[in-house]
file input06.cif (mmCIF, C-alpha atoms)
data_entry
#
loop_
_atom_site.label_atom_id
_atom_site.label_comp_id
_atom_site.auth_asym_id
_atom_site.auth_seq_id
_atom_site.Cartn_x
_atom_site.Cartn_y
_atom_site.Cartn_z
CA MET L 1 21.79 11.39 26.37
CA ASN L 2 22.02 14.28 23.92
CA GLN L 3 23.39 17.80 23.79
CA HIS L 4 19.87 19.13 23.33
CA LEU L 5 18.81 17.88 26.78
CA SER L 6 20.42 19.82 29.60
CA ALA L 7 19.32 17.30 32.24
CA VAL L 8 18.77 13.57 32.07
CA SER L 9 17.51 12.73 35.55
CA LYS L 10 14.00 12.18 34.26
CA PRO L 11 13.99 11.05 30.62
CA PRO L 12 10.64 12.15 29.24
CA ILE L 13 7.80 10.42 27.45
CA ILE L 14 6.86 12.89 24.71
CA CYS L 15 3.35 13.14 23.24
CA ILE L 16 2.58 15.09 20.06
CA MET L 17 -1.16 15.39 19.42
CA GLY L 18 -3.23 17.39 16.97
CA PRO L 19 -5.93 17.27 14.34
CA THR L 20 -5.41 15.51 11.05
CA ALA L 21 -3.13 17.33 8.57
CA SER L 22 -1.72 19.66 11.24
CA GLY L 23 1.95 18.73 10.86
CA LYS L 24 2.44 16.24 13.72
CA THR L 25 4.56 13.81 11.70
CA ASP L 26 6.92 16.46 10.31
CA LEU L 27 7.54 17.79 13.82
CA ALA L 28 8.17 14.27 15.09
CA PHE L 29 10.78 13.69 12.36
CA LYS L 30 12.58 16.91 13.30
CA LEU L 31 12.58 15.86 16.93
CA CYS L 32 14.04 12.47 16.03
CA ASP L 33 16.86 14.27 14.20
CA VAL L 34 18.04 15.93 17.43
CA LEU L 35 16.98 13.53 20.20
CA PRO L 36 17.27 9.74 20.60
CA CYS L 37 13.54 9.21 20.09
CA ASP L 38 11.60 6.18 18.87
CA ILE L 39 8.15 6.90 17.44
CA ILE L 40 5.01 5.10 18.61
CA SER L 41 2.02 5.76 16.37
CA VAL L 42 -1.19 6.79 18.15
CA ASP L 43 -3.48 6.43 15.15
CA SER L 44 -6.39 4.03 14.74
CA ALA L 45 -6.02 3.95 10.94
CA LEU L 46 -2.25 3.39 10.68
CA ILE L 47 -2.60 0.06 12.49
CA TYR L 48 -4.07 -1.59 9.36
CA LYS L 49 -1.96 -3.36 6.75
CA GLY L 50 -2.73 -2.40 3.16
CA MET L 51 -4.34 0.90 4.13
CA ASP L 52 -1.51 3.27 3.35
CA ILE L 53 -2.67 6.10 1.11
CA GLY L 54 -6.03 6.95 2.65
CA SER L 55 -4.59 6.89 6.15
CA ALA L 56 -1.73 9.24 5.18
CA LYS L 57 0.71 6.62 6.44
CA PRO L 58 4.35 7.74 6.24
CA THR L 59 6.04 6.49 3.08
CA ALA L 60 8.27 3.42 3.00
CA ASP L 61 11.31 5.71 2.82
CA GLU L 62 10.10 7.72 5.82
CA LEU L 63 9.37 4.57 7.80
CA SER L 64 12.84 3.30 6.95
CA GLN L 65 14.45 6.49 8.20
CA TYR L 66 12.04 7.04 11.09
CA PRO L 67 10.65 3.65 12.17
CA HIS L 68 7.15 3.74 13.70
CA ARG L 69 5.89 1.23 16.21
CA LEU L 70 2.22 0.15 16.10
CA VAL L 71 1.96 0.70 12.34
CA ASP L 72 0.85 -2.16 10.04
CA ILE L 73 0.13 -4.48 12.96
CA ILE L 74 -3.30 -5.97 12.07
CA ASP L 75 -5.36 -6.98 9.06
CA PRO L 76 -8.34 -4.74 8.10
CA ALA L 77 -10.68 -7.66 8.88
CA ASP L 78 -9.55 -7.73 12.52
CA SER L 79 -10.60 -5.57 15.45
CA TYR L 80 -8.35 -3.49 17.68
CA SER L 81 -9.60 -1.72 20.78
CA ALA L 82 -8.32 1.11 22.94
CA ALA L 83 -7.46 -1.55 25.52
CA ASP L 84 -5.34 -3.35 22.91
CA PHE L 85 -3.57 -0.08 22.17
CA VAL L 86 -2.85 0.62 25.85
CA ARG L 87 -1.39 -2.87 26.30
CA ASP L 88 0.77 -2.58 23.17
CA ALA L 89 1.86 1.02 23.78
CA LYS L 90 2.97 0.31 27.35
CA LYS L 91 5.01 -2.64 26.09
CA GLU L 92 6.67 -0.48 23.41
CA ILE L 93 7.34 2.36 25.86
CA ALA L 94 9.05 -0.03 28.28
CA ASP L 95 11.15 -1.51 25.45
CA ILE L 96 12.24 1.93 24.22
CA GLN L 97 13.12 3.08 27.73
CA SER L 98 15.08 -0.12 28.39
CA LYS L 99 17.36 0.90 25.53
CA GLY L 100 17.95 4.35 27.03
CA ARG L 101 15.89 6.06 24.35
CA ILE L 102 12.88 8.39 24.47
CA PRO L 103 9.34 7.22 23.60
CA LEU L 104 7.71 9.70 21.21
CA LEU L 105 3.97 9.13 20.88
CA VAL L 106 2.52 10.81 17.79
CA GLY L 107 -1.02 10.82 16.44
CA GLY L 108 -4.56 12.11 16.51
CA THR L 109 -6.61 9.26 17.99
CA MET L 110 -7.52 11.05 21.17
CA MET L 111 -9.28 8.07 22.75
CA TYR L 112 -6.02 6.13 22.52
CA PHE L 113 -4.11 8.96 24.19
CA LYS L 114 -6.75 9.38 26.91
CA SER L 115 -6.91 5.65 27.63
CA LEU L 116 -3.13 5.40 27.87
CA LEU L 117 -2.55 8.50 29.98
CA GLU L 118 -5.50 8.19 32.36
CA GLY L 119 -5.99 4.43 32.47
CA ILE L 120 -8.70 2.41 30.80
CA SER L 121 -11.83 0.99 32.34
CA PRO L 122 -12.05 -2.80 32.79
CA LEU L 123 -14.52 -3.43 29.97
CA PRO L 124 -15.15 -6.99 28.73
CA LYS L 125 -13.76 -8.12 25.39
CA ALA L 126 -16.08 -8.22 22.39
CA ASP L 127 -18.33 -11.25 22.04
CA ALA L 128 -19.07 -12.17 18.41
CA ASP L 129 -22.26 -14.08 19.28
CA ILE L 130 -23.76 -11.25 21.31
CA ARG L 131 -22.80 -8.71 18.63
CA ALA L 132 -24.48 -10.85 15.98
CA GLN L 133 -27.59 -11.07 18.15
CA ILE L 134 -27.74 -7.28 18.54
CA GLU L 135 -27.22 -6.76 14.80
CA THR L 136 -30.03 -9.23 14.06
CA GLU L 137 -32.34 -7.30 16.38
CA ALA L 138 -31.33 -4.06 14.67
CA ALA L 139 -32.04 -5.54 11.24
CA GLU L 140 -35.52 -6.56 12.40
CA HIS L 141 -36.51 -3.51 14.43
CA GLY L 142 -34.07 -0.70 13.52
CA TRP L 143 -31.30 1.03 15.45
CA GLN L 144 -33.80 3.30 17.18
CA TYR L 145 -35.11 0.16 18.89
CA ILE L 146 -31.58 -0.78 20.00
CA HIS L 147 -31.17 2.74 21.35
CA GLN L 148 -34.37 2.31 23.35
CA LEU L 149 -33.12 -1.00 24.76
CA LEU L 150 -29.92 0.72 25.85
CA ALA L 151 -31.86 3.59 27.40
CA GLN L 152 -33.75 1.11 29.60
CA VAL L 153 -30.58 -0.30 31.15
CA ASP L 154 -28.04 2.54 30.75
CA PRO L 155 -29.76 5.91 30.28
CA VAL L 156 -26.49 7.81 30.72
CA SER L 157 -24.84 6.04 27.77
CA ALA L 158 -28.05 6.31 25.73
CA GLU L 159 -28.02 10.06 26.27
CA ARG L 160 -24.42 10.25 25.08
CA ILE L 161 -24.70 7.93 22.05
CA HIS L 162 -26.63 9.01 18.97
CA PRO L 163 -29.34 6.59 17.74
CA ASN L 164 -27.58 6.50 14.35
CA ASP L 165 -24.26 5.30 15.76
CA PRO L 166 -24.50 1.50 15.45
CA GLN L 167 -20.91 0.84 16.47
CA ARG L 168 -21.16 2.53 19.87
CA LEU L 169 -24.73 1.38 20.46
CA THR L 170 -23.70 -2.22 19.84
CA ARG L 171 -20.72 -1.92 22.16
CA ALA L 172 -22.69 -0.34 25.01
CA LEU L 173 -25.44 -2.97 24.88
CA GLU L 174 -22.90 -5.75 24.38
CA VAL L 175 -21.03 -4.70 27.54
CA TYR L 176 -24.24 -4.90 29.56
CA ARG L 177 -25.26 -8.28 28.17
CA ILE L 178 -21.80 -9.76 28.78
CA SER L 179 -21.13 -8.40 32.24
CA GLY L 180 -24.50 -7.49 33.71
CA LYS L 181 -23.04 -4.06 34.42
CA THR L 182 -23.53 -0.94 32.34
CA MET L 183 -20.85 0.91 30.40
CA THR L 184 -21.48 3.85 32.78
CA GLN L 185 -20.79 1.70 35.84
CA LEU L 186 -17.67 0.12 34.42
CA THR L 187 -16.13 3.31 33.06
CA ALA L 188 -16.34 4.84 36.54
CA THR L 189 -13.44 2.54 37.43
CA LYS L 190 -10.12 3.46 35.86
CA GLY L 191 -7.13 1.24 35.35
CA GLN L 192 -3.51 2.22 35.84
CA GLY L 193 -2.56 5.35 33.92
CA LEU L 194 0.83 6.00 32.35
CA GLU L 195 3.50 7.07 34.82
CA GLY L 196 6.67 9.05 34.33
CA ASN L 197 7.80 12.44 33.10
CA ILE L 198 5.14 12.93 30.41
CA VAL L 199 5.47 16.04 28.24
CA GLN L 200 2.48 16.79 26.01
CA PHE L 201 2.21 19.01 22.94
CA ALA L 202 -0.62 19.86 20.56
CA ILE L 203 -0.04 21.33 17.10
CA ALA L 204 -2.65 23.06 14.93
CA PRO L 205 -2.99 26.08 12.62
CA THR L 206 -4.25 29.27 14.24
CA GLU L 207 -7.00 29.61 11.61
CA ARG L 208 -9.52 26.87 10.90
CA SER L 209 -9.55 27.91 7.23
CA GLU L 210 -5.86 26.99 6.97
CA LEU L 211 -6.57 23.55 8.43
CA HIS L 212 -9.41 23.10 5.92
CA GLN L 213 -7.05 23.98 3.07
CA ARG L 214 -4.46 21.50 4.31
CA ILE L 215 -7.14 18.79 4.53
CA GLU L 216 -8.33 19.46 0.96
CA LEU L 217 -4.76 19.45 -0.35
CA ARG L 218 -4.00 16.18 1.42
CA TYR L 219 -7.15 14.58 0.00
CA ASP L 220 -6.20 15.67 -3.52
CA ILE L 221 -2.72 14.19 -3.04
CA MET L 222 -4.21 10.90 -1.81
CA LEU L 223 -6.33 10.66 -4.96
CA GLU L 224 -3.28 11.35 -7.14
CA GLN L 225 -1.31 8.65 -5.29
CA GLY L 226 -3.88 5.97 -6.06
CA PHE L 227 -6.32 5.98 -3.15
CA GLU L 228 -9.11 4.69 -5.40
CA GLN L 229 -7.05 1.67 -6.47
CA GLU L 230 -6.12 0.99 -2.85
CA VAL L 231 -9.79 0.71 -1.84
CA GLU L 232 -10.58 -1.33 -4.98
CA ASN L 233 -7.97 -3.81 -3.79
CA LEU L 234 -9.66 -3.98 -0.39
CA ILE L 235 -13.02 -4.63 -2.04
CA LYS L 236 -11.54 -7.39 -4.25
CA ARG L 237 -10.55 -9.35 -1.15
CA GLY L 238 -14.21 -10.18 -0.67
CA ASP L 239 -14.07 -10.54 3.11
CA LEU L 240 -14.43 -6.89 4.11
CA THR L 241 -17.65 -4.91 4.68
CA ASP L 242 -18.33 -1.25 5.30
CA ASP L 243 -19.40 -1.87 8.90
CA LEU L 244 -15.87 -2.90 9.93
CA PRO L 245 -13.90 -0.29 11.91
CA SER L 246 -11.19 -0.32 9.23
CA ILE L 247 -13.56 0.59 6.39
CA ARG L 248 -15.35 3.11 8.61
CA CYS L 249 -12.10 5.10 8.79
CA VAL L 250 -12.52 8.62 7.42
CA GLY L 251 -12.03 8.67 3.65
CA TYR L 252 -12.23 4.91 3.24
CA ARG L 253 -15.94 4.75 3.90
CA GLN L 254 -16.68 7.46 1.33
CA MET L 255 -14.45 5.85 -1.30
CA TRP L 256 -15.98 2.44 -0.55
CA GLN L 257 -19.51 3.79 -1.07
CA TYR L 258 -18.49 5.56 -4.28
CA LEU L 259 -16.98 2.36 -5.68
CA HIS L 260 -20.22 0.56 -4.82
CA GLY L 261 -22.16 3.09 -6.90
CA GLU L 262 -23.85 4.98 -4.07
CA TYR L 263 -22.80 8.36 -5.52
CA ASP L 264 -20.50 9.90 -8.14
CA ARG L 265 -16.85 10.86 -7.85
CA ASP L 266 -17.43 14.55 -7.12
CA GLU L 267 -19.78 13.63 -4.29
CA MET L 268 -17.20 11.17 -2.94
CA VAL L 269 -14.54 13.88 -2.83
CA PHE L 270 -16.95 16.32 -1.19
CA ARG L 271 -18.05 13.78 1.42
CA GLY L 272 -14.50 12.63 2.08
CA VAL L 273 -13.25 16.17 2.69
CA CYS L 274 -16.28 16.99 4.86
CA ALA L 275 -15.79 13.85 6.95
CA THR L 276 -12.13 14.70 7.44
CA ARG L 277 -13.04 18.23 8.51
CA GLN L 278 -15.51 16.82 11.01
CA LEU L 279 -12.82 14.50 12.37
CA ALA L 280 -10.46 17.46 12.79
CA LYS L 281 -13.19 19.39 14.58
CA ARG L 282 -13.75 16.51 17.03
CA GLN L 283 -10.01 16.23 17.62
CA LEU L 284 -9.75 19.94 18.40
CA THR L 285 -12.73 19.71 20.75
CA TRP L 286 -10.93 16.99 22.70
CA LEU L 287 -7.72 19.01 22.81
CA ARG L 288 -9.27 22.27 24.00
CA SER L 289 -10.16 20.66 27.32
CA TRP L 290 -6.98 18.55 27.54
CA PRO L 291 -4.84 19.21 30.64
CA ASN L 292 -1.12 19.96 30.68
CA LEU L 293 -0.74 20.79 26.99
CA THR L 294 1.80 23.06 25.34
CA TRP L 295 0.27 24.43 22.12
CA LEU L 296 2.30 24.83 18.94
CA THR L 297 1.33 26.49 15.66
CA THR L 298 1.53 24.63 12.35
CA ASN L 299 4.48 25.80 10.20
CA ASP L 300 6.04 27.85 13.02
CA ASP L 301 9.82 27.71 12.58
CA ASN L 302 10.26 27.92 16.35
CA ASN L 303 8.31 24.74 17.14
CA LEU L 304 11.33 22.48 17.57
CA ASP L 305 13.10 24.97 19.86
CA ARG L 306 9.91 25.35 21.90
CA VAL L 307 9.55 21.58 22.30
CA LEU L 308 13.18 21.21 23.42
CA GLU L 309 12.76 24.10 25.85
CA VAL L 310 9.68 22.55 27.46
CA ILE L 311 11.35 19.13 27.68
CA ASN L 312 14.38 20.64 29.41
CA GLU L 313 12.13 22.47 31.87
CA SER L 314 10.30 19.25 32.66
CA ASN L 315 13.58 17.51 33.41
CA LYS L 316 14.42 20.15 36.03
CA LEU L 317 11.19 19.63 37.97
#
call {"tool": "encode", "arguments": {"input": "input06.cif", "output": "structure tokens"}}
result
Amino acid sequence: MNQHLSAVSKPPIICIMGPTASGKTDLAFKLCDVLPCDIISVDSALIYKGMDIGSAKPTADELSQYPHRLVDIIDPADSYSAADFVRDAKKEIADIQSKGRIPLLVGGTMMYFKSLLEGISPLPKADADIRAQIETEAAEHGWQYIHQLLAQVDPVSAERIHPNDPQRLTRALEVYRISGKTMTQLTATKGQGLEGNIVQFAIAPTERSELHQRIELRYDIMLEQGFEQEVENLIKRGDLTDDLPSIRCVGYRQMWQYLHGEYDRDEMVFRGVCATRQLAKRQLTWLRSWPNLTWLTTNDDNNLDRVLEVINESNKL
């Protein structure tokens, strides 16, 4: 397969996880330079067409040199669930393996990784009519009322979901109204997880302050690259709203609200950076309890050698 793999009996599936702005993509590119890897994006923002700058999507040149699967696959007006990702990712993994190459899954959407690796619960698909009904009830009575309705039928989910989280509240109540079973009951049943020689890495700076600096720098670069114009173009379409998952993506929501006059530019930058920091914190919280991870440090020159070493060890097992 390649001189950098000492054994080929069990070609691996490689996962590179980490918080936003930690260096996942750069490491993936280096790995592609020495191994026959094909990248699968594990990122809930990169799936959207026309959302390039604010999602830190690789450039056109980078995508040409290092093609990514599951990038630019849906319109921002459309929905895409973890179940959709699992279906698509498994299909791409099988296609890559059929060509004798190595699937390299890279990203920071931890729910996607978890659903793929562990299997996803058999939850019903979204129902537009039921969602509209729930949103009408929320408009009349408030989201606290929706939270109380959920607590009556699924107290476990109600305990987990904040009253000010309309997206998850809607989904949990929707699941119950569609199926007659609670989210708690259905998530107790797992589907088929990913099988094979799976090698998992997480990359992050050792100091949180360094990650914060990288996030601020990236946000500044996005603004210089035309992030504001990108969101203006989304607004001009006329069919998008700020309650869509696409516009709720970190950075986009803050820019959207700024462009609608909800606060000034300085406040937009502050809120955007803070929201990105909070995302990174949630990602790190997921990763700290993640099993079977090899940790790497951002900007460590030995990262590539360490990854190759771990992959070779996994092939010997």
call {"tool": "closest_residue", "arguments": {"input": "input06.cif", "among": "L:Ser289, L:Thr298, L:Ser314, L:Gln229", "to": "Asp52 of chain L", "atoms": "all atoms listed in the file"}}
result
L:Gln229
call {"tool": "atom_distance", "arguments": {"input": "input06.cif", "atom1": "atom CA of Arg177 of chain L", "atom2": "atom CA of Leu240 of chain L"}}
result
26.4 Å
call {"tool": "closest_residue", "arguments": {"input": "input06.cif", "among": "L:Leu217, L:Leu223, L:Ile40, L:Ala126", "to": "Ala172 of chain L", "atoms": "all atoms listed in the file"}}
result
L:Ala126
call {"tool": "residues_around", "arguments": {"input": "input06.cif", "residues": "Val199 of chain L", "least_positions_apart": "4", "cutoff": "7 Å", "atoms": "only C-alpha atoms", "output": "list in words"}}
result
Pro12, Ile13, Ile14, Cys15 and Ile311 of chain L
call {"tool": "closest_residue", "arguments": {"input": "input06.cif", "among": "L:Ile203, L:Glu216, L:Ile93, L:Ser81", "to": "Leu304 of chain L", "atoms": "only C-alpha atoms"}}
result
L:Ile203
call {"tool": "closest_residue", "arguments": {"input": "input06.cif", "among": "L:Ile178, L:Ala132, L:Ala83, L:Leu104", "to": "Gly119 of chain L", "atoms": "all atoms listed in the file"}}
result
L:Ala83
call {"tool": "residues_near_point", "arguments": {"input": "input06.cif", "point": "(-12.4, -3.1, 6.1)", "cutoff": "6 Å", "atoms": "all atoms listed in the file", "output": "PyMOL selection string"}}
result
chain L and resi 76-77+240-241+244+246-247
call {"tool": "write_last_selection", "arguments": {"input": "input06.cif", "atoms": "C-alpha atoms", "output": "mmCIF file, in the frame of the given file"}}
result
data_model
loop_
_atom_site.group_PDB
_atom_site.id
_atom_site.type_symbol
_atom_site.label_atom_id
_atom_site.label_comp_id
_atom_site.auth_asym_id
_atom_site.auth_seq_id
_atom_site.Cartn_x
_atom_site.Cartn_y
_atom_site.Cartn_z
ATOM 1 C CA PRO L 76 -8.340 -4.740 8.100
ATOM 2 C CA ALA L 77 -10.680 -7.660 8.880
ATOM 3 C CA LEU L 240 -14.430 -6.890 4.110
ATOM 4 C CA THR L 241 -17.650 -4.910 4.680
ATOM 5 C CA LEU L 244 -15.870 -2.900 9.930
ATOM 6 C CA SER L 246 -11.190 -0.320 9.230
ATOM 7 C CA ILE L 247 -13.560 0.590 6.390
#
call {"tool": "residues_around", "arguments": {"input": "input06.cif", "residues": "Glu230 of chain L", "least_positions_apart": "4", "cutoff": "10 Å", "atoms": "only C-alpha atoms", "output": "PyMOL selection string"}}
result
chain L and resi 50-54+223+225-226+234-235+252+255
call {"tool": "closest_residue", "arguments": {"input": "input06.cif", "among": "L:Leu116, L:Ala56, L:Leu293, L:Ala188", "to": "Ala21 of chain L", "atoms": "only C-alpha atoms"}}
result
L:Ala56
call {"tool": "atom_distance", "arguments": {"input": "input06.cif", "atom1": "atom CA of Leu284 of chain L", "atom2": "atom CA of Pro19 of chain L"}}
result
6.2 Å
call {"tool": "closest_residue", "arguments": {"input": "input06.cif", "among": "L:Gly107, L:Gly272, L:Gly142, L:Pro205", "to": "Val250 of chain L", "atoms": "all atoms listed in the file"}}
result
L:Gly272
call {"tool": "atom_distance", "arguments": {"input": "input06.cif", "atom1": "atom CA of Trp295 of chain L", "atom2": "atom CA of Ala202 of chain L"}}
result
4.9 Å
call {"tool": "resolve_selection", "arguments": {"input": "input06.cif", "expression": "the PyMOL selection byres ((chain L and resi 101) around 7)", "output": "list in words"}}
result
Pro36, Cys37, Asp38, Ile96, Gln97, Lys99, Gly100, Ile102 and Pro103 of chain L
call {"tool": "resolve_selection", "arguments": {"input": "input06.cif", "expression": "the PyMOL selection byres ((chain L and resi 204) around 12)", "output": "VMD selection string"}}
result
chain L and resid 16 to 24 27 108 201 to 203 205 to 212 214 280 to 281 283 to 284 287 to 288 294 to 300 303
call {"tool": "resolve_selection", "arguments": {"input": "input06.cif", "expression": "the PyMOL selection byres ((chain L and resi 271) around 12)", "output": "PyMOL selection string"}}
result
chain L and resi 216+219+250-258+262-270+272-278
call {"tool": "axis_aligned_box", "arguments": {"input": "input06.cif", "around": "segment 99-103 of chain L", "padding_each_side": "8 Å", "output": "JSON"}}
result
{"center_x": 13.6, "center_y": 4.6, "center_z": 25.3, "size_x": 24.6, "size_y": 23.5, "size_z": 19.4}
call {"tool": "decode", "arguments": {"input": "input06.cif", "residues": "segment 135-144 of chain L", "atoms": "all heavy atoms", "output": "PDB file, in the first residue's frame"}}
result
ATOM      1  N   GLU L 135     -44.021  24.800  16.810  1.00  0.00           N
ATOM      2  CA  GLU L 135     -43.574  26.193  16.729  1.00  0.00           C
ATOM      3  C   GLU L 135     -44.733  27.163  16.938  1.00  0.00           C
ATOM      4  O   GLU L 135     -44.555  28.234  17.548  1.00  0.00           O
ATOM      5  CB  GLU L 135     -42.888  26.434  15.385  1.00  0.00           C
ATOM      6  CG  GLU L 135     -41.522  25.763  15.294  1.00  0.00           C
ATOM      7  CD  GLU L 135     -40.948  25.747  13.889  1.00  0.00           C
ATOM      8  OE1 GLU L 135     -41.567  26.365  12.997  1.00  0.00           O
ATOM      9  OE2 GLU L 135     -39.891  25.108  13.684  1.00  0.00           O
ATOM     10  N   THR L 136     -45.921  26.792  16.473  1.00  0.00           N
ATOM     11  CA  THR L 136     -47.105  27.624  16.712  1.00  0.00           C
ATOM     12  C   THR L 136     -47.432  27.677  18.197  1.00  0.00           C
ATOM     13  O   THR L 136     -47.727  28.745  18.754  1.00  0.00           O
ATOM     14  CB  THR L 136     -48.312  27.067  15.931  1.00  0.00           C
ATOM     15  OG1 THR L 136     -48.019  27.106  14.532  1.00  0.00           O
ATOM     16  CG2 THR L 136     -49.554  27.901  16.201  1.00  0.00           C
ATOM     17  N   GLU L 137     -47.361  26.520  18.849  1.00  0.00           N
ATOM     18  CA  GLU L 137     -47.607  26.465  20.298  1.00  0.00           C
ATOM     19  C   GLU L 137     -46.576  27.306  21.046  1.00  0.00           C
ATOM     20  O   GLU L 137     -46.914  27.991  22.030  1.00  0.00           O
ATOM     21  CB  GLU L 137     -47.565  25.018  20.781  1.00  0.00           C
ATOM     22  CG  GLU L 137     -48.715  24.161  20.275  1.00  0.00           C
ATOM     23  CD  GLU L 137     -48.526  22.697  20.637  1.00  0.00           C
ATOM     24  OE1 GLU L 137     -48.088  22.417  21.765  1.00  0.00           O
ATOM     25  OE2 GLU L 137     -48.820  21.833  19.782  1.00  0.00           O
ATOM     26  N   ALA L 138     -45.327  27.248  20.585  1.00  0.00           N
ATOM     27  CA  ALA L 138     -44.272  28.026  21.241  1.00  0.00           C
ATOM     28  C   ALA L 138     -44.511  29.519  21.061  1.00  0.00           C
ATOM     29  O   ALA L 138     -44.284  30.313  21.981  1.00  0.00           O
ATOM     30  CB  ALA L 138     -42.905  27.638  20.678  1.00  0.00           C
ATOM     31  N   ALA L 139     -44.968  29.906  19.869  1.00  0.00           N
ATOM     32  CA  ALA L 139     -45.246  31.323  19.618  1.00  0.00           C
ATOM     33  C   ALA L 139     -46.374  31.833  20.512  1.00  0.00           C
ATOM     34  O   ALA L 139     -46.363  32.986  20.954  1.00  0.00           O
ATOM     35  CB  ALA L 139     -45.609  31.519  18.146  1.00  0.00           C
ATOM     36  N   GLU L 140     -47.333  30.968  20.792  1.00  0.00           N
ATOM     37  CA  GLU L 140     -48.478  31.366  21.623  1.00  0.00           C
ATOM     38  C   GLU L 140     -48.151  31.357  23.114  1.00  0.00           C
ATOM     39  O   GLU L 140     -48.575  32.243  23.857  1.00  0.00           O
ATOM     40  CB  GLU L 140     -49.658  30.421  21.355  1.00  0.00           C
ATOM     41  CG  GLU L 140     -50.273  30.567  19.973  1.00  0.00           C
ATOM     42  CD  GLU L 140     -51.397  29.570  19.746  1.00  0.00           C
ATOM     43  OE1 GLU L 140     -51.729  28.815  20.691  1.00  0.00           O
ATOM     44  OE2 GLU L 140     -51.940  29.530  18.624  1.00  0.00           O
ATOM     45  N   HIS L 141     -47.411  30.344  23.538  1.00  0.00           N
ATOM     46  CA  HIS L 141     -47.227  30.130  24.987  1.00  0.00           C
ATOM     47  C   HIS L 141     -45.792  30.286  25.479  1.00  0.00           C
ATOM     48  O   HIS L 141     -45.576  30.353  26.693  1.00  0.00           O
ATOM     49  CB  HIS L 141     -47.718  28.723  25.367  1.00  0.00           C
ATOM     50  CG  HIS L 141     -49.128  28.432  24.966  1.00  0.00           C
ATOM     51  ND1 HIS L 141     -50.222  29.018  25.578  1.00  0.00           N
ATOM     52  CD2 HIS L 141     -49.627  27.617  24.001  1.00  0.00           C
ATOM     53  CE1 HIS L 141     -51.333  28.572  25.022  1.00  0.00           C
ATOM     54  NE2 HIS L 141     -51.010  27.725  24.051  1.00  0.00           N
ATOM     55  N   GLY L 142     -44.809  30.290  24.554  1.00  0.00           N
ATOM     56  CA  GLY L 142     -43.408  30.398  24.951  1.00  0.00           C
ATOM     57  C   GLY L 142     -42.726  29.042  25.006  1.00  0.00           C
ATOM     58  O   GLY L 142     -43.380  27.992  25.148  1.00  0.00           O
ATOM     59  N   TRP L 143     -41.405  29.057  24.900  1.00  0.00           N
ATOM     60  CA  TRP L 143     -40.641  27.802  24.896  1.00  0.00           C
ATOM     61  C   TRP L 143     -40.617  27.134  26.265  1.00  0.00           C
ATOM     62  O   TRP L 143     -40.419  25.914  26.367  1.00  0.00           O
ATOM     63  CB  TRP L 143     -39.226  28.056  24.374  1.00  0.00           C
ATOM     64  CG  TRP L 143     -39.209  28.263  22.896  1.00  0.00           C
ATOM     65  CD1 TRP L 143     -39.063  29.444  22.221  1.00  0.00           C
ATOM     66  CD2 TRP L 143     -39.406  27.265  21.890  1.00  0.00           C
ATOM     67  NE1 TRP L 143     -39.162  29.249  20.863  1.00  0.00           N
ATOM     68  CE2 TRP L 143     -39.367  27.915  20.623  1.00  0.00           C
ATOM     69  CE3 TRP L 143     -39.623  25.877  21.929  1.00  0.00           C
ATOM     70  CZ2 TRP L 143     -39.521  27.236  19.431  1.00  0.00           C
ATOM     71  CZ3 TRP L 143     -39.781  25.192  20.727  1.00  0.00           C
ATOM     72  CH2 TRP L 143     -39.726  25.858  19.505  1.00  0.00           C
ATOM     73  N   GLN L 144     -40.821  27.898  27.310  1.00  0.00           N
ATOM     74  CA  GLN L 144     -40.914  27.298  28.646  1.00  0.00           C
ATOM     75  C   GLN L 144     -42.107  26.330  28.700  1.00  0.00           C
ATOM     76  O   GLN L 144     -42.037  25.252  29.305  1.00  0.00           O
ATOM     77  CB  GLN L 144     -41.065  28.388  29.711  1.00  0.00           C
ATOM     78  CG  GLN L 144     -41.087  27.860  31.146  1.00  0.00           C
ATOM     79  CD  GLN L 144     -39.746  27.291  31.578  1.00  0.00           C
ATOM     80  OE1 GLN L 144     -38.709  27.893  31.374  1.00  0.00           O
ATOM     81  NE2 GLN L 144     -39.769  26.099  32.171  1.00  0.00           N
TER      82      GLN L 144
END
